[in-house]
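This report refers to the structure that appears directly beneath it.
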Amino acid sequence: MRLTLHVWRQKDPRDPGRFKTYELEDVSTHMSFLEMLDVLNQDLINRGEDPIAFEHDCREGICGSCGMVIDGVPHGSQPGTTCCQLHMRHFSDGDEVVVEPWRAKAFPVVKDLVVDRSAFDRIVQAGGFISARVGSAPDGNAMPIGKDAAERAMDFAECIGCGACVASCPNGAAMLFVGAKIAHLGTLPQGQPERLKRARAMVEQMEREAFGACTNYRACEAACPKEISIQGIAMMNRDYRKAMLSGTGPVGGKRAR
Ligand code: FES
């Protein structure tokens with residue numbers, strides 16, 4: 001299969017960046033999208049050119065590091081699929097494919113397709129934990145959890161923090177990510193201690209970062225490779241309001257940078 005790739009190249013955060021076109025011959029339909037980029041990079045290295053910088057780790061849809069926008073869609077057009085799980089059989093001979101980094105103020109470009117997603121880390125640092133001392137790990141069956149609650153919590157726990165929700169949102173909002181983290185812990189009995197403090201701390205940190213506000217486009221839900229529901233946003237909003245109305249302070253009382 002022949003492909004024409006238009007890839008965003010940007011040397012560093014100060015470089016204005018531009019698209020560069022690459023012609024690829026003999027792309028195997030069995031390759032993943034990242035393997036296709038590996039082959040292109042090997043070619044660039046052989047020619048003495050700078051390879052395209054992109055993030056990856058697990059290549060199994062688990063770590064959330066491989067985000068990029070393919071033909072205008074975060075992670076490409078296959079629903080419920082990360083870039084590393086996207087296969088070249090979904091493309092056709094002669095296709096022109098546009099590849100660019102996440103476009104969001106809160107995720108500045110570091111180089112080429114790599115963006116700085118540390119804003120997500122700071123939100124989790126601000127409140128995505130339980131600070132109460134609970135002793136050693138309890139027996140797995142000591143606290144029975146209903147099937148519905150367990151499944152709901154697992155659905156939210158699937159969030160891999162890739163940032164596709166932010167990249168797809170016209171407002172650059174991070175509410176699907178934060179909602180998933182809050183709903184994951186808040187759905188379980190173990191997450192009830194400090195539940196409202198946690199919601200307040202995470203929402204307030206999110207607001208200190210350069211994310212926009214949610215206006216219910218639901219683009220985040222459509223783009224999420226783990227198909228996280230916006231019900232997490234509703235739970236986050238409920239918990240945050242309850243925290244504000246009850247005067248519950250943020251967990252730990254500390255602010256991430
Ligand atoms: S490389 Fe880990 S999710 Fe894609």
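If you're wondering about the labels, chains in the structure tokens are A, B, ... by order shown, residues count from 1 in each chain, ligands from 1 in order shown.
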
### Task
Excluding Arg195 in chain A and residues on its chain fewer than 3 positions from it, collect all residues at most 9 Å away from it, counting only C-alpha atoms, and give them as a PyMOL selection string.
chain A and resi 130+182+185-186+191-192+198-200+239+243+251

Saved selection, atoms kept: C-alpha atoms, as a compact mmCIF listing (two decimals), in the first residue's frame:
# COMPACT_ATOMS: atom_id res chain seq x y z
CA ILE A 130 -6.99 9.07 50.09
CA ILE A 182 -13.45 11.27 40.74
CA LEU A 185 -12.94 6.37 43.56
CA GLY A 186 -16.28 7.95 44.57
CA GLY A 191 -13.49 5.96 48.20
CA GLN A 192 -16.11 7.49 50.49
CA ARG A 198 -11.04 15.04 46.70
CA ALA A 199 -13.57 16.37 44.18
CA ARG A 200 -12.97 19.95 45.31
CA ASP A 239 -19.61 16.18 44.43
CA ALA A 243 -18.27 20.21 48.82
CA VAL A 251 -8.02 17.18 50.57

### Task
Produce as a list in words the set of residues near ligand 1, where near means within 8 Å with only C-alpha atoms and all ligand atoms considered.
Glu55, His56, Asp57, Cys58, Arg59, Glu60, Gly61, Ile62, Cys63, Gly64, Ser65, Cys66, Gly67, Thr82, Cys83, Cys84, Gln85, Ile160 and Cys162 of chain A

Val114 in chain A: which residues within 7 Å, counting only C-alpha atoms, same-chain residues fewer than 6 positions away excluded, as a PDB file with C-alpha atoms, in the first residue's frame?
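Result file is selection25.pdb:
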ATOM      1  CA  ALA A  53       9.199  12.377  17.841  1.00  0.00           C
ATOM      2  CA  PHE A  54       6.105  10.625  19.192  1.00  0.00           C
ATOM      3  CA  GLU A  55       5.277   9.111  22.563  1.00  0.00           C
ATOM      4  CA  PRO A 101      -0.154  16.540  17.963  1.00  0.00           C
TER       5      PRO A 101
END

Going by DSSP on the backbone, which residues of range 106-228 of chain A come out as strand (DSSP E or B)? List them as a CSV table (one decimal) with N, CA and C atoms, in the first residue's frame.
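What follows is the written file selection_27.csv:
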chain,number,residue,atom,x,y,z
A,109,VAL,N,3.1,21.8,22.9
A,109,VAL,CA,3.9,20.9,22.1
A,109,VAL,C,5.3,20.9,22.6
A,110,VAL,N,5.9,19.8,22.8
A,110,VAL,CA,7.3,19.7,23.2
A,110,VAL,C,8.2,19.5,22.0
A,111,LYS,N,7.8,18.5,21.1
A,111,LYS,CA,8.5,18.3,19.9
A,111,LYS,C,7.6,17.5,19.0
A,114,VAL,N,4.8,15.2,20.2
A,114,VAL,CA,4.9,15.0,21.7
A,114,VAL,C,4.4,16.3,22.4
A,115,VAL,N,3.4,16.1,23.3
A,115,VAL,CA,2.9,17.3,24.0
A,115,VAL,C,3.2,17.0,25.5
A,173,ALA,N,-11.6,21.3,27.3
A,173,ALA,CA,-11.9,20.9,28.7
A,173,ALA,C,-11.4,19.6,29.1
A,212,GLY,N,-10.3,24.5,29.3
A,212,GLY,CA,-11.6,25.3,29.2
A,212,GLY,C,-12.7,24.6,30.0

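Here CA of Arg122 in chain A is placed at a distance of 15.0 Å from CA of Pro108 in chain A.
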
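Of note, CA of Cys159 in chain A and CA of Phe177 in chain A are spaced 7.0 Å apart.
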